[in-house]
Amino acid sequence: MNNRELFLRHVAQTSPEPMALEIARAKGNYLYGADGTQFIDLIGGISVCNIGHSHPAVVQAIKDQAEKYLHVMVYGELVLSPQVRYAERLCAHLPAGLDSVYFTNSGSEATEGALKLAKRATGRSNIICCNNSYHGSTSGALALMGDEYWRNAFRPLMPGVRHYDFNSDALIEAIDADTACVVVETIQGEAGVVAPTNNWLQQLRQRCTDTGALLVLDEIQCGFGRTGKLWGFEHFGVVPHILLMGKALGGGMPMGAFVASRELMWELTHTPVLGHITTFGGHPVCCAAGMAAFEVLLNEQLMDGIAQRNQEFHKLLIHPKILEIRSFGLLIAVRLESPAAVMRLIKHCTANGVFTDWFLFAPDCVRIAPPLTIGLDDIRKACTVILQGLDAMGV
């Protein structure tokens, strides 16, 4: 059997028709198939590979740390230099109220930890979140997921969760003295790039302050420079009580984190002790890789040209079949007439050297979230392929 056949037989599948594109290597802004075909990567591992694939600094950091030690003990028991240095570096680039990092294995686990922290700190159990939201696929995070199609098959789910529309007054009005936390994406990703409007995020933060609820901002997808600033909340003049990180946090290695004040995070140390625990969260190699990637993001000024590259996509992607483009930095949703049209375009792009995808709650939109290193030439090439694919669909 070849690798594709073995993949379909022995690797657990998540859909009846996986893309099953075999990747042999990846470098910079490109993926390379088993036959050597080069693809311009327009999704960056779903916003994971913000500094591009296999950056030399990240690869070297992984090698260096692997030669020292790998796993030695469950998270939080030993002083491990990669954890300490990365936590300190992250906190140096966060507001004063976010100075304690709990490293996890993934964004989903970061969500779970934040929910436990909010319940423990407030003594409350109710949670408010948004329709068309995505915060992970573990059981607690699934209860927050803003779409019944994905939730229904796994009920009963965690009780006390209510969903409201993003940007709605109804959500703000629903926050009361029984609300432990409000969990929202700073910019909704899987909804097809929906940003807060009309000072909504500031009003949300104020309502949480007034009622004693905690605001949890999920920047698992929109953090680490994707919006043109290091953190999405910097665009809106809001600081959350708890910040969720993931995806680009590990520089291509699996990693997540929830961040809060040291005072708030201390609640997990007692009553009960080990309020949240993980074996592999904050793995030394993952922390070393993430730290190296973070330094590249900062030192190579990768955020400086994001506005220009966003404008280039908008300038080039003009076509009768494009109904709308929603974007924030290099997180872009291109809306077509139907999900079927999106799938046809994705297949055309793949056949012509461009790798792209769709959104969970916006299947009529093509996802564009390339590495932040993508240049104007590759943007133009990719847009040419997209436009040719739209032309080929006919009237």
# chains A, B, ... in the order shown; residues from 1 in each chain; ligands from 1
$ residues_around --residues "A:Gly250" --least-positions-apart "4" --cutoff "7 Å" --atoms "only C-alpha atoms" --output "PyMOL selection string"
chain A and resi 254-255+286-287+289-290
$ select_by_dssp --residues "stretch 12-106 of chain A" --states "strand (DSSP E or B)" --output "VMD selection string"
chain A and resid 23 to 28 30 to 33 38 to 41 53 100 to 104
$ closest_residue --among "A:Cys365, A:Leu157, A:Ile306, A:Val216" --to "A:Gly228" --atoms "only C-alpha atoms"
A:Ile306
$ residues_around --residues "A:Leu80" --least-positions-apart "2" --cutoff "12 Å" --atoms "only C-alpha atoms" --output "PyMOL selection string"
chain A and resi 65+68-78+82-87+282-285+287-288
$ closest_atom_pairs --of "stretch 84-169 of chain A" --to "stretch 175-186 of chain A" --cutoff "7 Å" --atoms "only C-alpha atoms" --output "tab-separated table"
residue	atom	partner	partner_atom	distance
A:Ala118	CA	A:Ala180	CA	5.8
A:Lys119	CA	A:Ala180	CA	5.7
A:Thr122	CA	A:Ala180	CA	5.8
A:Arg124	CA	A:Ala180	CA	4.8
A:Ser125	CA	A:Ala180	CA	5.5
A:Asn126	CA	A:Thr179	CA	4.7
A:Ile127	CA	A:Cys181	CA	5.3
A:Ile128	CA	A:Val182	CA	4.7
A:Cys129	CA	A:Val183	CA	5.1
A:Cys130	CA	A:Val184	CA	6.4
$ residues_around --residues "A:Glu300" --least-positions-apart "2" --cutoff "12 Å" --atoms "only C-alpha atoms" --output "list of chain:residue names"
A:Ile51, A:His55, A:Ala57, A:Gly225, A:Ala292, A:Ala293, A:Phe294, A:Glu295, A:Val296, A:Leu297, A:Leu298, A:Leu302, A:Met303, A:Asp304, A:Gly305, A:Leu372, A:Thr373
$ write_last_selection --atoms "C-alpha atoms" --output "CSV table (one decimal), in the first residue's frame"
chain,number,residue,atom,x,y,z
A,51,ILE,CA,6.6,32.9,10.5
A,55,HIS,CA,12.2,28.6,9.9
A,57,ALA,CA,15.8,29.6,14.1
A,225,GLY,CA,0.6,39.3,14.7
A,292,ALA,CA,12.3,31.1,18.8
A,293,ALA,CA,9.3,31.8,16.6
A,294,PHE,CA,8.2,34.7,18.8
A,295,GLU,CA,11.6,36.3,18.5
A,296,VAL,CA,11.5,35.9,14.8
A,297,LEU,CA,8.1,37.6,14.7
A,298,LEU,CA,9.3,40.5,16.7
A,302,LEU,CA,6.8,40.6,10.2
A,303,MET,CA,3.7,42.7,11.2
A,304,ASP,CA,4.9,45.8,9.5
A,305,GLY,CA,3.6,45.0,6.0
A,372,LEU,CA,2.9,36.5,7.7
A,373,THR,CA,6.0,36.1,5.5
$ closest_atom_pairs --of "stretch 15-94 of chain A" --to "stretch 351-357 of chain A" --cutoff "12 Å" --atoms "only C-alpha atoms" --output "CSV"
residue,atom,partner,partner_atom,distance
A:Pro18,CA,A:Asp357,CA,11.9
A:Met19,CA,A:Asp357,CA,10.0
A:Leu21,CA,A:Phe355,CA,9.9
A:Ile23,CA,A:Phe355,CA,11.4
A:Asn29,CA,A:Phe355,CA,10.6
A:Tyr30,CA,A:Phe355,CA,9.0
A:Leu31,CA,A:Phe355,CA,8.2
A:Tyr32,CA,A:Gly353,CA,9.5
A:Gly33,CA,A:Gly353,CA,9.9
A:Gly36,CA,A:Gly353,CA,11.0
A:Thr37,CA,A:Gly353,CA,7.3
A:Gln38,CA,A:Gly353,CA,6.0
A:Phe39,CA,A:Gly353,CA,4.3
A:Ile40,CA,A:Val354,CA,4.8
A:Asp41,CA,A:Phe355,CA,5.1
A:Leu42,CA,A:Thr356,CA,5.2
A:Ile43,CA,A:Thr356,CA,5.7
A:Gly44,CA,A:Thr356,CA,9.0
A:Gly45,CA,A:Thr356,CA,9.9
A:Ile46,CA,A:Asp357,CA,8.9
A:Ser47,CA,A:Thr356,CA,11.9
$ write_last_selection --atoms "N, CA and C atoms" --output "PDB file, in the first residue's frame"
ATOM      1  N   PRO A  18     -11.546  13.206   2.978  1.00  0.00           N
ATOM      2  CA  PRO A  18     -10.412  14.076   3.316  1.00  0.00           C
ATOM      3  C   PRO A  18      -9.657  14.505   2.066  1.00  0.00           C
ATOM      4  N   MET A  19      -9.004  15.639   2.164  1.00  0.00           N
ATOM      5  CA  MET A  19      -8.234  16.137   1.026  1.00  0.00           C
ATOM      6  C   MET A  19      -7.140  15.157   0.630  1.00  0.00           C
ATOM      7  N   LEU A  21      -3.968  15.151   0.570  1.00  0.00           N
ATOM      8  CA  LEU A  21      -2.820  15.636  -0.188  1.00  0.00           C
ATOM      9  C   LEU A  21      -1.552  15.285   0.594  1.00  0.00           C
ATOM     10  N   ILE A  23       2.039  15.556   1.804  1.00  0.00           N
ATOM     11  CA  ILE A  23       3.063  16.588   1.878  1.00  0.00           C
ATOM     12  C   ILE A  23       4.400  15.956   2.261  1.00  0.00           C
ATOM     13  N   ASN A  29       6.957  29.875   2.663  1.00  0.00           N
ATOM     14  CA  ASN A  29       5.542  30.035   2.323  1.00  0.00           C
ATOM     15  C   ASN A  29       5.008  28.893   1.466  1.00  0.00           C
ATOM     16  N   TYR A  30       5.762  27.807   1.357  1.00  0.00           N
ATOM     17  CA  TYR A  30       5.414  26.761   0.395  1.00  0.00           C
ATOM     18  C   TYR A  30       5.301  25.384   1.031  1.00  0.00           C
ATOM     19  N   LEU A  31       4.390  24.604   0.462  1.00  0.00           N
ATOM     20  CA  LEU A  31       4.283  23.179   0.740  1.00  0.00           C
ATOM     21  C   LEU A  31       4.732  22.431  -0.503  1.00  0.00           C
ATOM     22  N   TYR A  32       5.278  21.234  -0.308  1.00  0.00           N
ATOM     23  CA  TYR A  32       5.742  20.427  -1.431  1.00  0.00           C
ATOM     24  C   TYR A  32       5.134  19.036  -1.339  1.00  0.00           C
ATOM     25  N   GLY A  33       4.455  18.639  -2.407  1.00  0.00           N
ATOM     26  CA  GLY A  33       3.837  17.334  -2.450  1.00  0.00           C
ATOM     27  C   GLY A  33       4.859  16.233  -2.626  1.00  0.00           C
ATOM     28  N   GLY A  36       6.822  16.394  -5.664  1.00  0.00           N
ATOM     29  CA  GLY A  36       7.628  17.600  -5.842  1.00  0.00           C
ATOM     30  C   GLY A  36       6.841  18.847  -6.181  1.00  0.00           C
ATOM     31  N   THR A  37       5.516  18.721  -6.366  1.00  0.00           N
ATOM     32  CA  THR A  37       4.692  19.888  -6.702  1.00  0.00           C
ATOM     33  C   THR A  37       4.752  20.927  -5.579  1.00  0.00           C
ATOM     34  N   GLN A  38       4.963  22.178  -5.974  1.00  0.00           N
ATOM     35  CA  GLN A  38       5.015  23.277  -5.006  1.00  0.00           C
ATOM     36  C   GLN A  38       3.654  23.952  -4.897  1.00  0.00           C
ATOM     37  N   PHE A  39       3.229  24.228  -3.667  1.00  0.00           N
ATOM     38  CA  PHE A  39       1.977  24.925  -3.416  1.00  0.00           C
ATOM     39  C   PHE A  39       2.254  26.195  -2.616  1.00  0.00           C
ATOM     40  N   ILE A  40       1.679  27.301  -3.051  1.00  0.00           N
ATOM     41  CA  ILE A  40       1.668  28.499  -2.218  1.00  0.00           C
ATOM     42  C   ILE A  40       0.682  28.244  -1.087  1.00  0.00           C
ATOM     43  N   ASP A  41       1.134  28.360   0.150  1.00  0.00           N
ATOM     44  CA  ASP A  41       0.303  28.037   1.306  1.00  0.00           C
ATOM     45  C   ASP A  41      -0.503  29.263   1.726  1.00  0.00           C
ATOM     46  N   LEU A  42      -1.804  29.211   1.518  1.00  0.00           N
ATOM     47  CA  LEU A  42      -2.672  30.333   1.883  1.00  0.00           C
ATOM     48  C   LEU A  42      -3.388  30.123   3.204  1.00  0.00           C
ATOM     49  N   ILE A  43      -3.081  29.042   3.932  1.00  0.00           N
ATOM     50  CA  ILE A  43      -3.768  28.857   5.211  1.00  0.00           C
ATOM     51  C   ILE A  43      -2.812  28.698   6.391  1.00  0.00           C
ATOM     52  N   GLY A  44      -1.523  28.485   6.128  1.00  0.00           N
ATOM     53  CA  GLY A  44      -0.529  28.486   7.197  1.00  0.00           C
ATOM     54  C   GLY A  44      -0.861  27.557   8.343  1.00  0.00           C
ATOM     55  N   GLY A  45      -1.344  26.337   8.023  1.00  0.00           N
ATOM     56  CA  GLY A  45      -1.687  25.400   9.089  1.00  0.00           C
ATOM     57  C   GLY A  45      -2.821  25.898   9.958  1.00  0.00           C
ATOM     58  N   ILE A  46      -3.758  26.653   9.384  1.00  0.00           N
ATOM     59  CA  ILE A  46      -4.828  27.351  10.116  1.00  0.00           C
ATOM     60  C   ILE A  46      -4.197  28.295  11.153  1.00  0.00           C
ATOM     61  N   SER A  47      -3.436  29.246  10.635  1.00  0.00           N
ATOM     62  CA  SER A  47      -2.835  30.324  11.442  1.00  0.00           C
ATOM     63  C   SER A  47      -1.801  29.841  12.450  1.00  0.00           C
TER      64      SER A  47
END
$ atom_distance --atom1 "atom CA of A:Asp99" --atom2 "atom CA of A:Arg262"
6.1 Å
$ select_by_dssp --residues "stretch 44-197 of chain A" --states "alpha helix (DSSP H)" --output "number ranges by chain"
A: 44-47, 56-68, 81-92, 107-122, 139-144, 148-151, 169-174
$ write_last_selection --atoms "C-alpha atoms" --output "mmCIF file, in the first residue's frame"
data_model
loop_
_atom_site.group_PDB
_atom_site.id
_atom_site.type_symbol
_atom_site.label_atom_id
_atom_site.label_comp_id
_atom_site.auth_asym_id
_atom_site.auth_seq_id
_atom_site.Cartn_x
_atom_site.Cartn_y
_atom_site.Cartn_z
ATOM 1 C CA GLY A 44 -0.529 28.486 7.197
ATOM 2 C CA GLY A 45 -1.687 25.400 9.089
ATOM 3 C CA ILE A 46 -4.828 27.351 10.116
ATOM 4 C CA SER A 47 -2.835 30.324 11.442
ATOM 5 C CA PRO A 56 15.957 27.960 10.624
ATOM 6 C CA ALA A 57 15.792 29.607 14.059
ATOM 7 C CA VAL A 58 12.925 27.348 15.133
ATOM 8 C CA VAL A 59 14.541 24.210 13.748
ATOM 9 C CA GLN A 60 17.786 25.041 15.563
ATOM 10 C CA ALA A 61 15.959 25.740 18.830
ATOM 11 C CA ILE A 62 14.251 22.346 18.605
ATOM 12 C CA LYS A 63 17.567 20.584 17.981
ATOM 13 C CA ASP A 64 19.333 22.421 20.802
ATOM 14 C CA GLN A 65 16.640 21.681 23.372
ATOM 15 C CA ALA A 66 16.237 18.043 22.264
ATOM 16 C CA GLU A 67 19.912 17.494 23.025
ATOM 17 C CA LYS A 68 19.452 18.830 26.588
ATOM 18 C CA SER A 81 14.368 27.085 31.499
ATOM 19 C CA PRO A 82 12.414 27.008 28.195
ATOM 20 C CA GLN A 83 9.117 27.446 30.068
ATOM 21 C CA VAL A 84 10.411 30.200 32.304
ATOM 22 C CA ARG A 85 12.062 32.171 29.515
ATOM 23 C CA TYR A 86 9.075 31.943 27.175
ATOM 24 C CA ALA A 87 6.567 32.889 29.873
ATOM 25 C CA GLU A 88 8.676 35.896 30.844
ATOM 26 C CA ARG A 89 9.019 36.979 27.206
ATOM 27 C CA LEU A 90 5.297 36.694 26.538
ATOM 28 C CA CYS A 91 4.401 38.644 29.670
ATOM 29 C CA ALA A 92 6.837 41.395 28.697
ATOM 30 C CA GLY A 107 -5.914 25.771 22.336
ATOM 31 C CA SER A 108 -8.737 23.435 23.346
ATOM 32 C CA GLU A 109 -7.023 22.658 26.644
ATOM 33 C CA ALA A 110 -6.409 26.368 27.173
ATOM 34 C CA THR A 111 -10.165 26.893 26.875
ATOM 35 C CA GLU A 112 -10.827 24.116 29.394
ATOM 36 C CA GLY A 113 -8.337 25.592 31.865
ATOM 37 C CA ALA A 114 -9.830 29.069 31.516
ATOM 38 C CA LEU A 115 -13.341 27.764 32.188
ATOM 39 C CA LYS A 116 -12.163 26.018 35.352
ATOM 40 C CA LEU A 117 -10.292 29.113 36.491
ATOM 41 C CA ALA A 118 -13.332 31.356 35.949
ATOM 42 C CA LYS A 119 -15.623 29.030 37.877
ATOM 43 C CA ARG A 120 -13.106 28.618 40.697
ATOM 44 C CA ALA A 121 -12.393 32.335 41.018
ATOM 45 C CA THR A 122 -15.988 33.588 40.846
ATOM 46 C CA SER A 139 -16.203 18.401 25.792
ATOM 47 C CA GLY A 140 -16.247 21.713 27.656
ATOM 48 C CA ALA A 141 -15.130 23.684 24.621
ATOM 49 C CA LEU A 142 -17.752 21.865 22.557
ATOM 50 C CA ALA A 143 -20.462 23.217 24.845
ATOM 51 C CA LEU A 144 -19.255 26.706 23.916
ATOM 52 C CA GLU A 148 -25.902 23.115 16.975
ATOM 53 C CA TYR A 149 -24.860 20.954 14.015
ATOM 54 C CA TRP A 150 -21.565 20.153 15.758
ATOM 55 C CA ARG A 151 -22.971 20.083 19.309
ATOM 56 C CA ASP A 169 -26.766 44.010 22.748
ATOM 57 C CA ALA A 170 -28.563 40.872 23.923
ATOM 58 C CA LEU A 171 -25.280 39.231 24.875
ATOM 59 C CA ILE A 172 -24.184 42.206 26.962
ATOM 60 C CA GLU A 173 -27.577 42.459 28.661
ATOM 61 C CA ALA A 174 -27.484 38.736 29.549
#
$ closest_atom_pairs --of "stretch 197-228 of chain A" --to "stretch 322-334 of chain A" --cutoff "8 Å" --atoms "only C-alpha atoms" --output "CSV"
residue,atom,partner,partner_atom,distance
A:Cys222,CA,A:Leu331,CA,7.6
A:Arg226,CA,A:Leu330,CA,5.6
A:Thr227,CA,A:Gly329,CA,4.1
A:Gly228,CA,A:Gly329,CA,5.4
$ write_last_selection --atoms "C-alpha atoms" --output "PDB file, in the first residue's frame"
ATOM      1  CA  CYS A 222      -6.022  35.853  15.625  1.00  0.00           C
ATOM      2  CA  ARG A 226      -2.110  38.031  12.303  1.00  0.00           C
ATOM      3  CA  THR A 227      -4.202  41.190  12.642  1.00  0.00           C
ATOM      4  CA  GLY A 228      -1.270  43.559  12.169  1.00  0.00           C
TER       5      GLY A 228
END
